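Enquirer: Dropping in coords12.tsv, with TSV, C-alpha atoms and all ligand atoms.
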```tsv
chain	number	residue	atom	x	y	z
H	17	MET	CA	33.11	-7.50	27.28
H	18	GLN	CA	35.42	-8.53	30.07
H	19	ILE	CA	35.93	-12.24	30.71
H	20	SER	CA	37.54	-13.52	33.89
H	21	TYR	CA	38.39	-16.94	35.30
H	22	HIS	CA	38.09	-17.76	39.00
H	23	GLY	CA	39.31	-21.31	39.50
H	24	HIS	CA	37.69	-24.70	38.86
H	25	SER	CA	34.88	-23.95	36.37
H	26	ILE	CA	33.96	-20.42	37.45
H	27	VAL	CA	33.81	-17.91	34.62
H	28	LYS	CA	32.56	-14.35	34.92
H	29	ILE	CA	31.45	-12.25	31.98
H	30	LYS	CA	30.90	-8.52	32.25
H	31	THR	CA	29.10	-6.83	29.38
H	32	SER	CA	28.64	-3.08	29.34
H	33	ASP	CA	25.49	-3.43	31.46
H	34	TYR	CA	25.40	-6.90	33.01
H	35	THR	CA	27.46	-9.37	35.03
H	36	ILE	CA	27.00	-13.08	34.44
H	37	ILE	CA	28.64	-15.86	36.47
H	38	ILE	CA	28.89	-19.46	35.32
H	39	ASP	CA	29.14	-22.29	37.90
H	40	PRO	CA	29.95	-20.21	41.04
H	41	PHE	CA	31.57	-22.88	43.25
H	42	ILE	CA	33.32	-20.66	45.81
H	43	THR	CA	32.94	-22.26	49.26
H	44	GLY	CA	35.32	-25.23	49.33
H	45	ASN	CA	37.13	-24.15	46.16
H	46	LYS	CA	40.76	-23.77	47.20
H	47	LEU	CA	41.66	-22.13	43.89
H	48	THR	CA	39.15	-19.32	43.72
H	49	ASP	CA	39.76	-15.65	44.45
H	50	LEU	CA	36.05	-14.86	44.81
H	51	ILE	CA	34.22	-14.06	48.05
H	52	VAL	CA	30.57	-15.11	48.15
H	53	GLU	CA	29.32	-11.91	49.82
H	54	GLN	CA	30.96	-9.72	47.18
H	55	GLU	CA	29.32	-11.31	44.16
H	56	LYS	CA	26.34	-9.37	42.80
H	57	PRO	CA	25.66	-10.81	39.34
H	58	ASP	CA	22.58	-10.18	37.24
H	59	ALA	CA	22.47	-13.82	36.16
H	60	ILE	CA	23.98	-17.13	37.21
H	61	LEU	CA	24.29	-19.82	34.55
H	62	LEU	CA	24.67	-23.43	35.68
H	63	THR	CA	25.88	-26.31	33.54
H	64	HIS	CA	24.69	-29.12	35.83
H	65	GLY	CA	23.72	-30.03	39.37
H	66	HIS	CA	27.01	-31.23	40.84
H	67	ASN	CA	28.02	-29.41	44.00
H	68	ASP	CA	31.31	-28.24	42.48
H	69	HIS	CA	29.25	-26.26	39.93
H	70	VAL	CA	26.07	-25.20	41.78
H	71	GLY	CA	28.34	-24.12	44.64
H	72	ASP	CA	27.12	-20.91	46.27
H	73	THR	CA	24.36	-20.21	43.76
H	74	VAL	CA	21.53	-20.01	46.30
H	75	ALA	CA	23.37	-17.62	48.65
H	76	ILE	CA	24.51	-15.37	45.78
H	77	ALA	CA	21.12	-15.37	44.05
H	78	LYS	CA	19.28	-14.56	47.28
H	79	ALA	CA	21.63	-11.68	48.07
H	80	SER	CA	21.70	-10.22	44.55
H	81	ASP	CA	18.29	-11.24	43.16
H	82	ALA	CA	20.17	-12.78	40.20
H	83	LEU	CA	18.23	-14.94	37.78
H	84	VAL	CA	19.48	-18.54	37.87
H	85	ILE	CA	19.41	-20.17	34.44
H	86	ALA	CA	19.90	-23.93	34.59
H	87	PRO	CA	18.85	-27.29	33.15
H	88	ASN	CA	15.17	-27.64	33.95
H	89	GLU	CA	15.11	-30.05	36.90
H	90	LEU	CA	18.00	-28.19	38.54
H	91	ALA	CA	16.13	-24.91	38.04
H	92	VAL	CA	13.02	-26.40	39.67
H	93	TYR	CA	15.05	-27.70	42.62
H	94	LEU	CA	16.76	-24.36	43.17
H	95	GLY	CA	13.45	-22.54	42.74
H	96	TRP	CA	12.13	-24.47	45.75
H	97	GLN	CA	14.94	-22.86	47.74
H	98	GLY	CA	13.59	-19.41	47.04
H	99	VAL	CA	15.65	-18.18	44.13
H	100	LYS	CA	14.43	-16.81	40.82
H	101	THR	CA	15.01	-19.41	38.10
H	102	HIS	CA	14.62	-20.03	34.41
H	103	GLY	CA	14.74	-23.67	33.35
H	104	MET	CA	15.99	-24.72	29.94
H	105	ASN	CA	16.98	-27.92	28.23
H	106	ILE	CA	19.49	-29.16	25.68
H	107	GLY	CA	19.14	-27.65	22.23
H	108	GLY	CA	16.99	-24.77	23.44
H	109	ALA	CA	18.01	-21.13	23.28
H	110	CYS	CA	16.51	-18.14	25.01
H	111	THR	CA	17.31	-14.46	24.75
H	112	PHE	CA	17.62	-12.50	27.99
H	113	ASP	CA	18.48	-8.82	28.63
H	114	PHE	CA	22.19	-9.66	28.72
H	115	GLY	CA	22.33	-11.96	25.70
H	116	THR	CA	21.30	-15.36	24.34
H	117	VAL	CA	21.86	-18.63	26.16
H	118	LYS	CA	21.74	-21.99	24.42
H	119	PHE	CA	22.23	-25.28	26.22
H	120	THR	CA	24.26	-27.92	24.41
H	121	GLN	CA	24.75	-31.57	25.21
H	122	ALA	CA	27.42	-32.74	27.62
H	123	PHE	CA	28.32	-36.36	28.32
H	124	HIS	CA	28.41	-36.47	32.10
H	125	SER	CA	25.93	-36.93	34.97
H	126	SER	CA	23.91	-34.39	36.93
H	127	SER	CA	22.73	-34.59	40.52
H	128	TYR	CA	22.91	-32.57	43.71
H	129	THR	CA	24.18	-34.24	46.90
H	130	THR	CA	22.53	-32.89	50.06
H	131	GLU	CA	24.01	-32.69	53.56
H	132	GLU	CA	21.62	-35.54	54.45
H	133	ASN	CA	23.45	-37.80	51.96
H	134	GLU	CA	20.60	-37.78	49.49
H	135	ILE	CA	21.34	-37.57	45.79
H	136	ILE	CA	18.80	-35.39	44.01
H	137	TYR	CA	18.41	-35.92	40.27
H	138	THR	CA	18.88	-32.60	38.45
H	139	GLY	CA	18.19	-33.43	34.81
H	140	MET	CA	20.66	-33.66	31.96
H	141	PRO	CA	24.10	-32.04	32.24
H	142	ALA	CA	24.79	-29.34	29.67
H	143	GLY	CA	27.29	-27.08	28.03
H	144	ILE	CA	26.45	-23.40	27.56
H	145	LEU	CA	26.71	-21.14	24.53
H	146	LEU	CA	26.43	-17.52	25.61
H	147	THR	CA	26.19	-14.92	22.87
H	148	ALA	CA	26.40	-11.27	23.90
H	149	GLU	CA	27.76	-8.11	22.29
H	150	GLY	CA	28.53	-10.07	19.13
H	151	LYS	CA	30.74	-12.67	20.87
H	152	THR	CA	30.03	-16.33	21.49
H	153	ILE	CA	31.44	-18.04	24.54
H	154	TYR	CA	31.22	-21.80	24.93
H	155	HIS	CA	31.50	-23.25	28.42
H	156	ALA	CA	31.56	-27.01	27.98
H	157	GLY	CA	30.55	-27.76	31.56
H	158	ASP	CA	31.77	-31.18	32.60
H	159	THR	CA	31.89	-33.51	29.64
H	160	ALA	CA	33.60	-36.27	27.78
H	161	LEU	CA	34.83	-35.66	24.27
H	162	PHE	CA	32.05	-36.14	21.70
H	163	GLY	CA	31.95	-35.87	17.92
H	164	ASP	CA	29.11	-33.37	17.76
H	165	MET	CA	31.42	-30.72	19.17
H	166	GLU	CA	32.24	-30.19	15.51
H	167	MET	CA	28.59	-29.36	14.80
H	168	ILE	CA	28.43	-26.99	17.77
H	169	GLY	CA	31.45	-25.09	16.47
H	170	LYS	CA	30.10	-24.95	12.93
H	171	ARG	CA	26.60	-23.84	13.94
H	172	HIS	CA	27.90	-21.24	16.38
H	173	PRO	CA	31.42	-19.97	15.58
H	174	ILE	CA	33.09	-19.76	18.99
H	175	ASP	CA	35.21	-16.84	20.14
H	176	VAL	CA	36.21	-18.27	23.51
H	177	ALA	CA	35.89	-21.89	24.70
H	178	PHE	CA	36.29	-23.07	28.29
H	179	LEU	CA	37.10	-26.78	28.28
H	180	PRO	CA	37.66	-29.15	31.21
H	181	ILE	CA	41.05	-30.89	31.18
H	182	GLY	CA	41.12	-32.50	34.64
H	183	ASP	CA	40.50	-36.08	33.49
H	184	ASN	CA	38.86	-38.66	35.82
H	185	PHE	CA	35.41	-36.94	35.76
H	186	THR	CA	35.74	-35.19	32.39
H	187	MET	CA	37.98	-34.99	29.36
H	188	GLY	CA	41.68	-35.16	30.10
H	189	PRO	CA	44.32	-33.12	28.25
H	190	GLU	CA	44.48	-35.38	25.19
H	191	ASP	CA	40.73	-35.57	24.63
H	192	ALA	CA	40.40	-31.84	25.34
H	193	ALA	CA	43.03	-31.13	22.67
H	194	CYS	CA	40.94	-33.19	20.25
H	195	ALA	CA	37.88	-31.16	21.33
H	196	VAL	CA	39.69	-27.96	20.33
H	197	ASP	CA	40.15	-29.34	16.82
H	198	LEU	CA	36.44	-30.17	16.59
H	199	LEU	CA	35.15	-26.90	18.08
H	200	ASN	CA	37.61	-24.64	16.27
H	201	PRO	CA	37.39	-21.72	18.74
H	202	GLN	CA	39.42	-18.52	18.39
H	203	LEU	CA	40.71	-18.97	21.95
H	204	THR	CA	40.61	-21.89	24.40
H	205	ILE	CA	40.99	-21.70	28.17
H	206	PRO	CA	41.47	-24.90	30.18
H	207	VAL	CA	39.35	-25.29	33.33
H	208	HIS	CA	38.31	-27.93	35.88
H	209	PHE	CA	41.78	-29.04	36.98
H	210	ASP	CA	43.95	-28.96	40.15
H	211	THR	CA	41.01	-28.33	42.49
H	212	PHE	CA	41.05	-31.87	43.90
H	213	PRO	CA	43.70	-34.63	43.77
H	214	PRO	CA	41.93	-36.76	41.10
H	215	ILE	CA	41.96	-33.84	38.64
H	216	GLU	CA	45.52	-32.56	39.08
H	217	GLN	CA	46.93	-31.68	35.65
H	218	ASP	CA	49.62	-29.53	34.13
H	219	PRO	CA	47.78	-27.17	31.76
H	220	GLU	CA	51.03	-26.66	29.83
H	221	VAL	CA	50.77	-30.29	28.74
H	222	PHE	CA	47.32	-29.56	27.32
H	223	LYS	CA	48.62	-26.42	25.63
H	224	GLY	CA	51.45	-28.43	24.07
H	225	LEU	CA	48.98	-30.95	22.64
H	226	VAL	CA	46.95	-28.26	20.87
H	227	SER	CA	48.21	-27.32	17.44
H	228	ASN	CA	47.00	-24.49	15.23
H	229	HIS	CA	44.79	-22.98	17.93
H	230	GLU	CA	45.44	-20.43	20.62
H	231	VAL	CA	45.35	-21.59	24.26
H	232	LYS	CA	45.46	-19.21	27.19
H	233	ILE	CA	46.21	-20.57	30.65
H	234	MET	CA	44.51	-18.31	33.17
H	235	GLN	CA	45.11	-17.91	36.90
H	236	ALA	CA	42.16	-17.32	39.22
H	237	GLY	CA	41.32	-13.62	39.12
H	238	GLU	CA	42.82	-13.02	35.70
H	239	SER	CA	40.73	-11.30	33.05
H	240	PHE	CA	40.87	-10.08	29.47
H	241	GLU	CA	38.83	-7.97	27.10
H	242	CYS	CA	37.05	-9.77	24.29
T	301	NI	NI	30.22	-32.66	37.31
T	302	MN	MN	32.75	-30.90	38.07
```
So that I can check it, write out the structure of this file as structure tokens.
Expert:
Amino acid sequence: MQISYHGHSIVKIKTSDYTIIIDPFITGNKLTDLIVEQEKPDAILLTHGHNDHVGDTVAIAKASDALVIAPNELAVYLGWQGVKTHGMNIGGACTFDFGTVKFTQAFHSSSYTTEENEIIYTGMPAGILLTAEGKTIYHAGDTALFGDMEMIGKRHPIDVAFLPIGDNFTMGPEDAACAVDLLNPQLTIPVHFDTFPPIEQDPEVFKGLVSNHEVKIMQAGESFEC
């Protein structure tokens, strides 16, 4: 499979037959290389309801007929906007055409803020384990460090982990380095930094804090084969 990073928390996975996008926050994302109209995924996976993760999901899903897989209340809310959804919840797994998705816990919050200044509750925030073509990718979503990351890594040996390092809203570099020790992934890619002033970080600092594990700092638009 091909894995690419597109700024903030956007990750794209291309298997031999399917394209999956996680957290497609494009409009308003100064770091991304993606263009909303060009994205034609088969599935969109969402970690939680915050606008910097839901992003352009509705526009992309309507244009591509992609299935939106999200925590249940978020799936219901997006379903009301006319997109095809599949709601899940923490601890549950489901196998789709492209692979298996399992939602894991994340210590964060989850709501969608409307243009009318309403905050819509969107269920529990989550991390995502995606297993396809024999590889397991863990996208932590937005989260604090938590001890059960060790259990997640033991239950589901992780090939590639995407971990937030921005601090303020999520783990910072030091806690994220501790998360790498607990998760024990083959490869870690830092995400969710530099998009906004409160989450400016030097990813090299994070890389320097991680010992005995490989860290790859990716620029938006960069990809690799896994
Ligand atoms: Ni968030
Ligand atoms: Mn976020």
Enquirer: All residues within 8 Å of ligand NI 301 (chain T) are required, counting all atoms listed in the file; please report them as a PyMOL selection string.
Expert: chain H and resi 64-69+124-126+141+157-159+185-186
Enquirer: Quote the spacing between CA of Asp113 (chain H) and CA of Ala86 (chain H) in Å to one decimal place.
Expert: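 Computed distance, CA of Asp113 (chain H) to CA of Ala86 (chain H), equals 16.3 Å.
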Enquirer: Just to confirm, what's the straight-line distance from CA of Tyr128 (chain H) to CA of Leu94 (chain H) in Å (one decimal)?
Expert: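 Result for CA of Tyr128 (chain H) versus CA of Leu94 (chain H): 10.3 Å, one decimal.
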Enquirer: May I ask which of the residues H:Cys110, H:Val27, H:Val92, H:Ile215 is the closest one to ligand MN 302 (chain T), counting only C-alpha atoms and all ligand atoms?
Expert: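 With only C-alpha atoms and all ligand atoms as the atom set, the closest residue is H:Ile215.
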Enquirer: Would you please work out which residue, of H:Met17, H:Phe178, H:His22, H:Leu50, is nearest to Thr35 (chain H) when using all atoms listed in the file?
Expert: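 For Thr35 (chain H), the nearest of the given residues is H:Met17.
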Enquirer: Between H:Ser32, H:Thr147, H:Asn184, H:Ser227, which one has atoms that come closest to ligand MN 302 (chain T), using all atoms listed in the file?
Expert: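 Of H:Ser32, H:Thr147, H:Asn184, H:Ser227, the one nearest ligand MN 302 (chain T) is H:Asn184, counting all atoms listed in the file.
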